[in-house]
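Structure file upload-v6.pdb with PDB, C-alpha atoms and all ligand atoms:
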ATOM      1  CA  MET K  69     -12.119  31.711  -5.822
ATOM      2  CA  SER K  70     -11.272  28.697  -7.996
ATOM      3  CA  LEU K  71     -11.826  25.158  -6.801
ATOM      4  CA  GLY K  72      -8.058  24.596  -7.010
ATOM      5  CA  LYS K  73      -7.484  27.392  -4.498
ATOM      6  CA  ILE K  74     -10.107  26.042  -2.112
ATOM      7  CA  ILE K  75      -8.494  22.595  -2.151
ATOM      8  CA  ASP K  76      -5.044  24.117  -1.659
ATOM      9  CA  LYS K  77      -6.228  26.167   1.279
ATOM     10  CA  LYS K  78      -7.832  23.103   2.881
ATOM     11  CA  ASN K  79      -4.619  21.152   2.427
ATOM     12  CA  ASN K  80      -2.527  23.948   3.904
ATOM     13  CA  ASP K  81      -4.765  23.961   6.944
ATOM     14  CA  LEU K  82      -4.513  20.208   7.316
ATOM     15  CA  SER K  83      -0.775  20.031   6.721
ATOM     16  CA  LYS K  84      -0.284  22.452   9.651
ATOM     17  CA  ARG K  85      -1.866  19.805  11.862
ATOM     18  CA  ILE K  86       0.617  17.120  10.817
ATOM     19  CA  ASP K  87       3.384  16.284  13.244
ATOM     20  CA  LYS K  88       6.396  15.970  10.945
ATOM     21  CA  GLN K  89       8.164  13.827  13.556
ATOM     22  CA  LYS K  90       5.387  11.235  13.497
ATOM     23  CA  VAL K  91       4.863  10.701   9.779
ATOM     24  CA  PRO K  92       4.572   6.971   8.986
ATOM     25  CA  GLU K  93       7.670   5.714   7.232
ATOM     26  CA  HIS K  94       5.717   3.046   5.352
ATOM     27  CA  ILE K  95       2.117   3.462   4.158
ATOM     28  CA  ALA K  96       0.120   0.692   2.474
ATOM     29  CA  ILE K  97      -3.013   1.396   0.446
ATOM     30  CA  ILE K  98      -5.848  -0.800  -0.815
ATOM     31  CA  MET K  99      -7.033   1.379  -3.694
ATOM     32  CA  ASP K 100     -10.671   0.320  -3.886
ATOM     33  CA  GLY K 101     -13.824   1.656  -5.510
ATOM     34  CA  ASN K 102     -12.793   2.354  -9.121
ATOM     35  CA  GLY K 103     -15.627   0.317 -10.633
ATOM     36  CA  ARG K 104     -18.369   1.714  -8.397
ATOM     37  CA  TRP K 105     -17.212   5.274  -9.044
ATOM     38  CA  ALA K 106     -17.388   4.802 -12.819
ATOM     39  CA  THR K 107     -20.705   2.921 -12.734
ATOM     40  CA  ARG K 108     -22.313   5.627 -10.604
ATOM     41  CA  LYS K 109     -21.260   8.195 -13.159
ATOM     42  CA  GLY K 110     -22.662   6.100 -16.006
ATOM     43  CA  PHE K 111     -19.217   5.177 -17.388
ATOM     44  CA  PRO K 112     -17.659   1.747 -17.977
ATOM     45  CA  ARG K 113     -15.584   0.370 -15.068
ATOM     46  CA  SER K 114     -12.425   0.878 -17.133
ATOM     47  CA  PHE K 115     -12.888   4.640 -16.803
ATOM     48  CA  GLY K 116     -12.662   4.260 -13.032
ATOM     49  CA  HIS K 117      -9.369   2.368 -13.333
ATOM     50  CA  LYS K 118      -7.942   5.113 -15.572
ATOM     51  CA  GLN K 119      -8.971   7.814 -13.138
ATOM     52  CA  GLY K 120      -7.513   5.666 -10.338
ATOM     53  CA  VAL K 121      -4.081   5.930 -11.950
ATOM     54  CA  ASN K 122      -4.234   9.754 -11.831
ATOM     55  CA  VAL K 123      -5.062   9.587  -8.143
ATOM     56  CA  LEU K 124      -2.174   7.204  -7.484
ATOM     57  CA  LYS K 125       0.275   9.624  -9.136
ATOM     58  CA  LYS K 126      -0.947  12.411  -6.829
ATOM     59  CA  ILE K 127      -0.769  10.262  -3.698
ATOM     60  CA  LEU K 128       2.740   9.090  -4.575
ATOM     61  CA  LYS K 129       3.798  12.761  -4.813
ATOM     62  CA  ALA K 130       1.978  13.612  -1.586
ATOM     63  CA  SER K 131       3.697  10.745   0.274
ATOM     64  CA  LYS K 132       7.118  12.029  -0.753
ATOM     65  CA  LYS K 133       6.228  15.608   0.168
ATOM     66  CA  LEU K 134       5.109  14.426   3.581
ATOM     67  CA  GLY K 135       8.432  12.713   4.298
ATOM     68  CA  CYS K 136       7.149   9.148   4.093
ATOM     69  CA  LYS K 137       9.770   6.716   2.687
ATOM     70  CA  ILE K 138       7.813   3.704   1.417
ATOM     71  CA  LEU K 139       4.444   3.416  -0.338
ATOM     72  CA  THR K 140       3.000  -0.044  -1.026
ATOM     73  CA  VAL K 141      -0.166  -0.219  -3.114
ATOM     74  CA  TYR K 142      -2.499  -3.078  -3.991
ATOM     75  CA  ALA K 143      -3.073  -2.921  -7.746
ATOM     76  CA  PHE K 144      -4.215  -6.468  -8.595
ATOM     77  CA  SER K 145      -4.952  -9.358  -6.249
ATOM     78  CA  THR K 146      -4.649 -13.086  -6.873
ATOM     79  CA  GLU K 147      -8.452 -13.095  -6.619
ATOM     80  CA  ASN K 148      -8.928 -10.402  -9.264
ATOM     81  CA  TRP K 149      -8.443 -13.003 -12.051
ATOM     82  CA  SER K 150     -12.052 -13.984 -11.346
ATOM     83  CA  ARG K 151     -13.224 -10.752 -13.017
ATOM     84  CA  PRO K 152     -14.422 -10.748 -16.637
ATOM     85  CA  THR K 153     -11.526 -11.307 -19.076
ATOM     86  CA  LYS K 154     -12.177  -7.918 -20.670
ATOM     87  CA  GLU K 155     -11.599  -6.122 -17.370
ATOM     88  CA  VAL K 156      -8.493  -8.178 -16.555
ATOM     89  CA  ASP K 157      -7.054  -7.488 -20.026
ATOM     90  CA  PHE K 158      -7.819  -3.809 -19.670
ATOM     91  CA  LEU K 159      -5.977  -3.668 -16.345
ATOM     92  CA  ILE K 160      -2.941  -5.511 -17.732
ATOM     93  CA  ASN K 161      -2.748  -3.074 -20.673
ATOM     94  CA  LEU K 162      -3.205  -0.143 -18.329
ATOM     95  CA  PHE K 163      -0.311  -1.286 -16.094
ATOM     96  CA  THR K 164       1.903  -1.656 -19.181
ATOM     97  CA  GLU K 165       1.038   1.773 -20.612
ATOM     98  CA  VAL K 166       1.270   3.619 -17.303
ATOM     99  CA  LEU K 167       4.631   2.099 -16.484
ATOM    100  CA  LYS K 168       6.001   3.000 -19.926
ATOM    101  CA  ASN K 169       4.835   6.598 -19.524
ATOM    102  CA  GLU K 170       5.842   7.131 -15.920
ATOM    103  CA  ILE K 171       9.129   5.294 -15.457
ATOM    104  CA  LYS K 172      11.292   8.231 -16.583
ATOM    105  CA  GLU K 173       9.846  10.571 -13.960
ATOM    106  CA  ILE K 174       9.916   7.855 -11.279
ATOM    107  CA  HIS K 175      13.619   7.366 -11.950
ATOM    108  CA  GLU K 176      14.373  11.109 -12.081
ATOM    109  CA  GLU K 177      12.861  11.452  -8.622
ATOM    110  CA  SER K 178      15.220   8.750  -7.340
ATOM    111  CA  THR K 179      12.347   6.399  -6.601
ATOM    112  CA  LYS K 180      12.965   2.676  -6.589
ATOM    113  CA  ILE K 181      10.014   0.763  -8.022
ATOM    114  CA  LYS K 182       9.341  -2.880  -7.178
ATOM    115  CA  PHE K 183       6.558  -5.200  -8.298
ATOM    116  CA  ILE K 184       5.424  -7.573  -5.599
ATOM    117  CA  GLY K 185       3.574 -10.736  -6.553
ATOM    118  CA  ASP K 186       3.732 -13.687  -8.917
ATOM    119  CA  LEU K 187       4.485 -12.160 -12.306
ATOM    120  CA  THR K 188       4.478 -15.496 -14.213
ATOM    121  CA  PRO K 189       0.950 -15.276 -15.675
ATOM    122  CA  PHE K 190       1.457 -11.773 -17.121
ATOM    123  CA  PRO K 191       2.169 -11.232 -20.846
ATOM    124  CA  LYS K 192       5.757 -10.910 -22.031
ATOM    125  CA  ASN K 193       5.617  -7.154 -22.732
ATOM    126  CA  LEU K 194       4.436  -6.360 -19.203
ATOM    127  CA  LYS K 195       7.062  -8.652 -17.680
ATOM    128  CA  GLU K 196       9.750  -6.941 -19.779
ATOM    129  CA  ILE K 197       8.783  -3.406 -18.816
ATOM    130  CA  ILE K 198       8.553  -4.455 -15.151
ATOM    131  CA  SER K 199      11.992  -6.002 -15.284
ATOM    132  CA  SER K 200      13.602  -3.016 -17.053
ATOM    133  CA  SER K 201      11.916  -0.549 -14.662
ATOM    134  CA  GLU K 202      13.115  -2.468 -11.636
ATOM    135  CA  SER K 203      16.685  -2.677 -12.872
ATOM    136  CA  LEU K 204      16.744   0.989 -13.963
ATOM    137  CA  THR K 205      15.660   2.166 -10.513
ATOM    138  CA  LYS K 206      17.303  -0.465  -8.314
ATOM    139  CA  ASN K 207      19.953   1.873  -6.872
ATOM    140  CA  ASN K 208      17.560   4.749  -6.158
ATOM    141  CA  THR K 209      17.434   5.596  -2.502
ATOM    142  CA  LYS K 210      15.007   8.494  -1.925
ATOM    143  CA  PHE K 211      11.777   6.528  -1.974
ATOM    144  CA  LEU K 212      10.565   2.949  -2.351
ATOM    145  CA  PHE K 213       7.360   2.356  -4.319
ATOM    146  CA  ASN K 214       6.002  -1.200  -4.131
ATOM    147  CA  VAL K 215       3.229  -2.153  -6.527
ATOM    148  CA  CYS K 216       1.482  -5.398  -5.585
ATOM    149  CA  VAL K 217       0.263  -7.227  -8.691
ATOM    150  CA  ASN K 218      -1.105 -10.766  -8.736
ATOM    151  CA  TYR K 219      -0.382 -10.555  -5.039
ATOM    152  CA  GLY K 220      -2.007 -12.610  -2.295
ATOM    153  CA  GLY K 221      -0.932 -12.611   1.345
ATOM    154  CA  ARG K 222      -1.702 -16.297   1.893
ATOM    155  CA  GLN K 223       0.149 -17.333  -1.259
ATOM    156  CA  GLU K 224       3.133 -15.286  -0.117
ATOM    157  CA  ILE K 225       3.221 -17.020   3.271
ATOM    158  CA  VAL K 226       2.892 -20.496   1.687
ATOM    159  CA  LYS K 227       5.728 -19.627  -0.745
ATOM    160  CA  VAL K 228       8.054 -18.723   2.138
ATOM    161  CA  ALA K 229       7.078 -21.872   4.042
ATOM    162  CA  LYS K 230       7.939 -23.965   0.973
ATOM    163  CA  GLU K 231      11.279 -22.202   0.444
ATOM    164  CA  LEU K 232      12.279 -22.686   4.069
ATOM    165  CA  ALA K 233      11.192 -26.343   3.967
ATOM    166  CA  LEU K 234      13.356 -26.858   0.871
ATOM    167  CA  LYS K 235      16.352 -25.154   2.489
ATOM    168  CA  SER K 236      15.865 -27.270   5.560
ATOM    169  CA  SER K 237      15.642 -30.561   3.657
ATOM    170  CA  ALA K 238      18.764 -29.545   1.692
ATOM    171  CA  GLY K 239      20.519 -29.102   5.028
ATOM    172  CA  GLU K 240      21.079 -25.352   4.490
ATOM    173  CA  ILE K 241      19.169 -24.389   7.635
ATOM    174  CA  LYS K 242      17.991 -26.213  10.739
ATOM    175  CA  PRO K 243      14.229 -26.163  11.515
ATOM    176  CA  SER K 244      15.146 -24.647  14.883
ATOM    177  CA  GLU K 245      16.669 -21.671  13.052
ATOM    178  CA  ILE K 246      13.289 -20.692  11.574
ATOM    179  CA  ASN K 247      12.076 -17.643  13.429
ATOM    180  CA  GLU K 248      10.079 -14.461  12.685
ATOM    181  CA  GLU K 249      13.141 -12.582  11.483
ATOM    182  CA  LEU K 250      14.171 -15.266   8.994
ATOM    183  CA  PHE K 251      10.587 -15.748   7.789
ATOM    184  CA  ASN K 252      10.159 -11.998   7.329
ATOM    185  CA  SER K 253      13.378 -11.678   5.330
ATOM    186  CA  GLU K 254      12.105 -14.308   2.854
ATOM    187  CA  LEU K 255       8.841 -12.451   2.204
ATOM    188  CA  LEU K 256       8.374 -10.637  -1.096
ATOM    189  CA  LEU K 257       8.799  -7.245   0.569
ATOM    190  CA  GLY K 258      12.209  -8.480   1.694
ATOM    191  CA  GLY K 259      12.184  -7.697   5.379
ATOM    192  CA  ILE K 260      11.542  -3.934   5.086
ATOM    193  CA  LYS K 261       9.778  -2.050   7.878
ATOM    194  CA  ASP K 262       6.129  -3.090   8.264
ATOM    195  CA  PRO K 263       3.546  -0.464   7.241
ATOM    196  CA  GLU K 264       2.609   1.682  10.218
ATOM    197  CA  LEU K 265      -0.584   2.694   8.423
ATOM    198  CA  LEU K 266      -2.979   0.859   6.090
ATOM    199  CA  ILE K 267      -5.505   2.958   4.187
ATOM    200  CA  ARG K 268      -8.445   1.334   2.413
ATOM    201  CA  THR K 269     -10.785   3.463   0.359
ATOM    202  CA  SER K 270     -14.450   2.934  -0.575
ATOM    203  CA  GLY K 271     -15.597   2.109   2.948
ATOM    204  CA  GLU K 272     -14.918  -1.639   2.783
ATOM    205  CA  LYS K 273     -13.703  -2.959   6.117
ATOM    206  CA  ARG K 274     -11.580  -5.921   5.085
ATOM    207  CA  ILE K 275      -8.020  -6.780   4.188
ATOM    208  CA  SER K 276      -8.820  -8.855   1.051
ATOM    209  CA  ASN K 277      -5.663 -11.010   1.299
ATOM    210  CA  PHE K 278      -3.292  -8.014   1.375
ATOM    211  CA  LEU K 279       0.022  -8.164   3.323
ATOM    212  CA  LEU K 280      -1.325 -10.602   5.929
ATOM    213  CA  TRP K 281       2.020 -10.957   7.684
ATOM    214  CA  GLN K 282       3.162  -7.341   7.431
ATOM    215  CA  LEU K 283      -0.091  -5.750   8.649
ATOM    216  CA  ALA K 284       0.029  -7.549  12.017
ATOM    217  CA  TYR K 285       0.274  -4.264  13.964
ATOM    218  CA  SER K 286      -0.562  -1.618  11.358
ATOM    219  CA  GLU K 287      -3.088   1.071  12.159
ATOM    220  CA  ILE K 288      -6.073   0.756   9.821
ATOM    221  CA  TYR K 289      -7.825   3.787   8.335
ATOM    222  CA  ILE K 290     -10.961   3.268   6.282
ATOM    223  CA  SER K 291     -11.910   6.146   4.004
ATOM    224  CA  GLU K 292     -15.471   6.259   2.710
ATOM    225  CA  VAL K 293     -14.231   8.004  -0.438
ATOM    226  CA  LEU K 294     -13.983   5.895  -3.609
ATOM    227  CA  TRP K 295     -10.394   5.677  -4.885
ATOM    228  CA  PRO K 296     -10.937   7.825  -8.026
ATOM    229  CA  GLU K 297     -12.137  10.641  -5.742
ATOM    230  CA  PHE K 298      -9.443  10.186  -3.122
ATOM    231  CA  ASN K 299      -7.045  13.144  -2.991
ATOM    232  CA  GLU K 300      -4.299  14.800  -0.985
ATOM    233  CA  HIS K 301      -6.830  16.265   1.428
ATOM    234  CA  GLU K 302      -8.292  12.828   2.248
ATOM    235  CA  PHE K 303      -4.756  11.454   2.505
ATOM    236  CA  LEU K 304      -3.759  14.100   5.058
ATOM    237  CA  LYS K 305      -6.932  13.280   7.028
ATOM    238  CA  ALA K 306      -5.747   9.660   7.226
ATOM    239  CA  ILE K 307      -2.306  10.734   8.479
ATOM    240  CA  ILE K 308      -3.794  13.053  11.121
ATOM    241  CA  ASP K 309      -6.073  10.260  12.315
ATOM    242  CA  TYR K 310      -3.086   7.887  12.460
ATOM    243  CA  GLN K 311      -1.143  10.418  14.535
ATOM    244  CA  SER K 312      -3.932  10.521  17.113
ATOM    245  CA  ARG K 313      -3.752   6.759  17.706
ATOM    246  CA  ASN K 314      -2.207   5.192  20.769
ATOM    247  CA  ARG K 315      -0.054   2.333  19.466
ATOM    248  CA  ARG K 316       0.332  -0.100  22.329
ATOM    249  CA  PHE K 317       1.645  -3.261  20.639
ATOM    250  CA  GLY K 318       0.043  -5.403  23.323
ATOM    251  CA  GLY K 319       1.385  -3.315  26.171
ATOM    252  CA  ILE K 320      -0.461  -0.751  28.240
ATOM    253  CA  GLU K 321      -0.448   2.998  28.191
ATOM    254  CA  SER K 322       1.996   4.199  30.823
ATOM    255  CA  LEU K 323       0.187   6.210  33.456
ATOM    256  CA  PRO K 324       2.296   8.591  35.529
ATOM    257  CA  ASN K 325       2.562   7.826  39.270
ATOM    258  CA  GLU K 326       0.802   4.522  39.005
ATOM    259  CA  SER K 327       2.212   1.053  39.023
ATOM    260  CA  PHE K 328       0.483  -2.294  38.677
ATOM    261  CA  GLU K 329       0.907  -2.926  42.389
ATOM    262  CA  ASP K 330      -0.959   0.285  43.215
ATOM    263  CA  SER K 331      -4.026  -0.735  41.308
ATOM    264  CA  GLN K 332      -7.293  -1.801  42.964
ATOM    265  CA  TYR K 333      -6.628  -5.387  41.895
ATOM    266  CA  SER K 334      -3.501  -5.845  44.005
ATOM    267  CA  SER K 335      -3.915  -7.890  47.130
TER     268      SER K 335
HETATM  269  C1  LIG H   1     -10.024  -1.384  -7.207
HETATM  270  O1  LIG H   1     -11.281  -0.980  -7.632
HETATM  271  C2  LIG H   1      -9.100  -1.732  -8.353
HETATM  272  C3  LIG H   1      -8.844  -3.172  -8.528
HETATM  273  C4  LIG H   1      -9.249  -4.116  -7.747
HETATM  274  C5  LIG H   1      -8.052  -3.527  -9.672
HETATM  275  P1  LIG H   1     -12.404  -2.048  -7.981
HETATM  276  O2  LIG H   1     -12.256  -2.426  -9.410
HETATM  277  O3  LIG H   1     -12.379  -3.160  -7.018
HETATM  278  O4  LIG H   1     -13.708  -1.183  -7.804
HETATM  279  P2  LIG H   1     -15.056  -1.639  -7.076
HETATM  280  O5  LIG H   1     -14.680  -2.106  -5.712
HETATM  281  O6  LIG H   1     -15.664  -2.711  -7.923
HETATM  282  O7  LIG H   1     -15.878  -0.388  -7.051
HETATM  283  C1  LIG H   2      -8.776  -5.491  -3.313
HETATM  284  O1  LIG H   2      -9.944  -4.973  -3.861
HETATM  285  C2  LIG H   2      -7.739  -5.639  -4.386
HETATM  286  C3  LIG H   2      -7.212  -4.400  -4.954
HETATM  287  C4  LIG H   2      -7.519  -3.186  -4.583
HETATM  288  C5  LIG H   2      -6.271  -4.591  -6.011
HETATM  289  P1  LIG H   2     -11.133  -5.926  -4.340
HETATM  290  O2  LIG H   2     -12.196  -5.044  -4.856
HETATM  291  O3  LIG H   2     -10.623  -6.970  -5.266
HETATM  292  O4  LIG H   2     -11.554  -6.620  -2.980
HETATM  293  P2  LIG H   2     -12.930  -7.270  -2.529
HETATM  294  O5  LIG H   2     -13.360  -8.210  -3.616
HETATM  295  O6  LIG H   2     -13.906  -6.159  -2.369
HETATM  296  O7  LIG H   2     -12.618  -7.927  -1.236
HETATM  297 MG    MG H   3     -13.256  -3.459  -5.210
END

I'd like the structure from this file rewritten - as structure tokens, please.
Amino acid sequence: MSLGKIIDKKNNDLSKRIDKQKVPEHIAIIMDGNGRWATRKGFPRSFGHKQGVNVLKKILKASKKLGCKILTVYAFSTENWSRPTKEVDFLINLFTEVLKNEIKEIHEESTKIKFIGDLTPFPKNLKEIISSSESLTKNNTKFLFNVCVNYGGRQEIVKVAKELALKSSAGEIKPSEINEELFNSELLLGGIKDPELLIRTSGEKRISNFLLWQLAYSEIYISEVLWPEFNEHEFLKAIIDYQSRNRRFGGIESLPNESFEDSQYSS
């Protein structure tokens, strides 16, 4: 039996365990571990980033197949500029090339692509391809694919605070009108549904300045697998784990035939 068949069989088994009614509508992913994967194999870190792109293409397909509607991925953080210039340049070129090669298929699949983050420091050719890709796909409705580049959650929150302060001092809004809904609508993701599930690969247990506002009540799944080795099987494992969670949002699990007054603590 070929390896392909084994993987397929495993996926079939796992996909039977997925409750189609409880698939997260919005999944966010911190794609981590590219460098370590390459280094362990004796390759330059850039090889890990290239392989990471292939994995992303597969996970984008898998998300659509599953019935998920929005995928938001962390591709480059505001902190990633602190890496060696050679690595940063490589990543910028990779984003440009991948987008050029993939945009046709993304559009044909009726996927809307959006780049989330401060694009100002990027070179002109990347900014141009981002802008043409976003306008080409802006009316697509089947799937929303958000790519966070030069993105930082704190910077995003400060940006919204500044915009609202400006609107307020210009008399366009009253400070008393500032509430969660208004704040959320000004965020770069534009008030879409918060991710129900955050996946981080490579075993790191931190958020690294990703979607600080939007992840307030997301379920977090940490995969030990490095991103270049992540696959549909690992992805389905994350969804199954998510579906076993009890999302309480600060409330309590409702227990049949028991009320608060009945409990041992009532006087
Ligand atoms: C994630 O992989 C990709 C980016 C941050 C661009 P890393 O490059 O962080 O890989 P590790 O964590 O060093 O292995
Ligand atoms: C988070 O990964 C950013 C992206 C995946 C783009 P990092 O590798 O930059 O995060 P830290 O440094 O481990 O927190
Ligand atoms: Mg990393």

| request: Pick out the residues no farther than 12 Å from ligand MG 3 (chain H), counting only C-alpha atoms and all ligand atoms, and list them as a ChimeraX atom specification. | output: /K:98-106,113,116-117,120,142-145,147-148,151,268-276,294-296

| said: One decimal, in Å: what's the spacing between atom CA of Asn252 of chain K and atom CA of Gln311 of chain K? | reply: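 Here the two named atoms are 26.1 Å from each other.
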
If the box runs along x, y and z of the file and leaves 5 Å on each side of ligand LIG 2 (chain H), what are its centre and edge lengths in Å, one decimal, as AutoDock Vina command-line options?
--center_x -10.1 --center_y -5.7 --center_z -3.6 --size_x 17.6 --size_y 15.0 --size_z 14.8

| request: Check the smallest atom-to-atom distance from each of K:Lys195, K:Lys230, K:Lys118, K:Lys172 to ligand LIG 1 (chain H) using only C-alpha atoms and all ligand atoms, then report the winner. | output: K:Lys118

| Distance atom O4 of ligand LIG 2 (chain H)-atom CA of Lys168 of chain K, one decimal place? |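 Taking atom O4 of ligand LIG 2 (chain H) as the start and atom CA of Lys168 of chain K as the end point, the length is 26.2 Å.
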
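Residue nearest ligand LIG 1 (chain H) within the list K:Lys305, K:Lys242, K:Lys109, K:Lys180: K:Lys109 [criterion: smallest interatomic distance, all atoms listed in the file].
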
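The spacing separating atom CA of Asn277 of chain K from atom CA of Ile97 of chain K amounts to 12.7 Å.
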
| field | For ligand LIG 1 (chain H), the nearest of the candidates K:Ile307, K:Ile288, K:Leu257, K:Val121, counting all atoms listed in the file | value |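 Among the listed residues, K:Val121 lies closest to ligand LIG 1 (chain H).
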
| Within 12 Å of Trp149 of chain K using all atoms listed in the file, minus same-chain residues under 3 positions, as a ChimeraX atom specification | /K:144-146,152-160,189-190,217-220

| message | Please determine, counting only C-alpha atoms and all ligand atoms, which residue among K:Ile260, K:Leu232, K:Leu279, K:Lys78 has the shortest atom-to-atom distance to ligand LIG 2 (chain H). | response |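 The shortest atom-to-atom distance to ligand LIG 2 (chain H) comes from K:Leu279.
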
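Closest approach to ligand LIG 1 (chain H) from the set K:Asn208, K:Asn79, K:Val141, K:Ser237 is made by K:Val141, with distances taken over all atoms listed in the file.
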
| Pick from K:Ile86, K:Ile184, K:Ile267, K:Leu124: nearest to Val166 of chain K, with all atoms listed in the file counted? |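 Using all atoms listed in the file, the shortest distance to Val166 of chain K belongs to K:Leu124.
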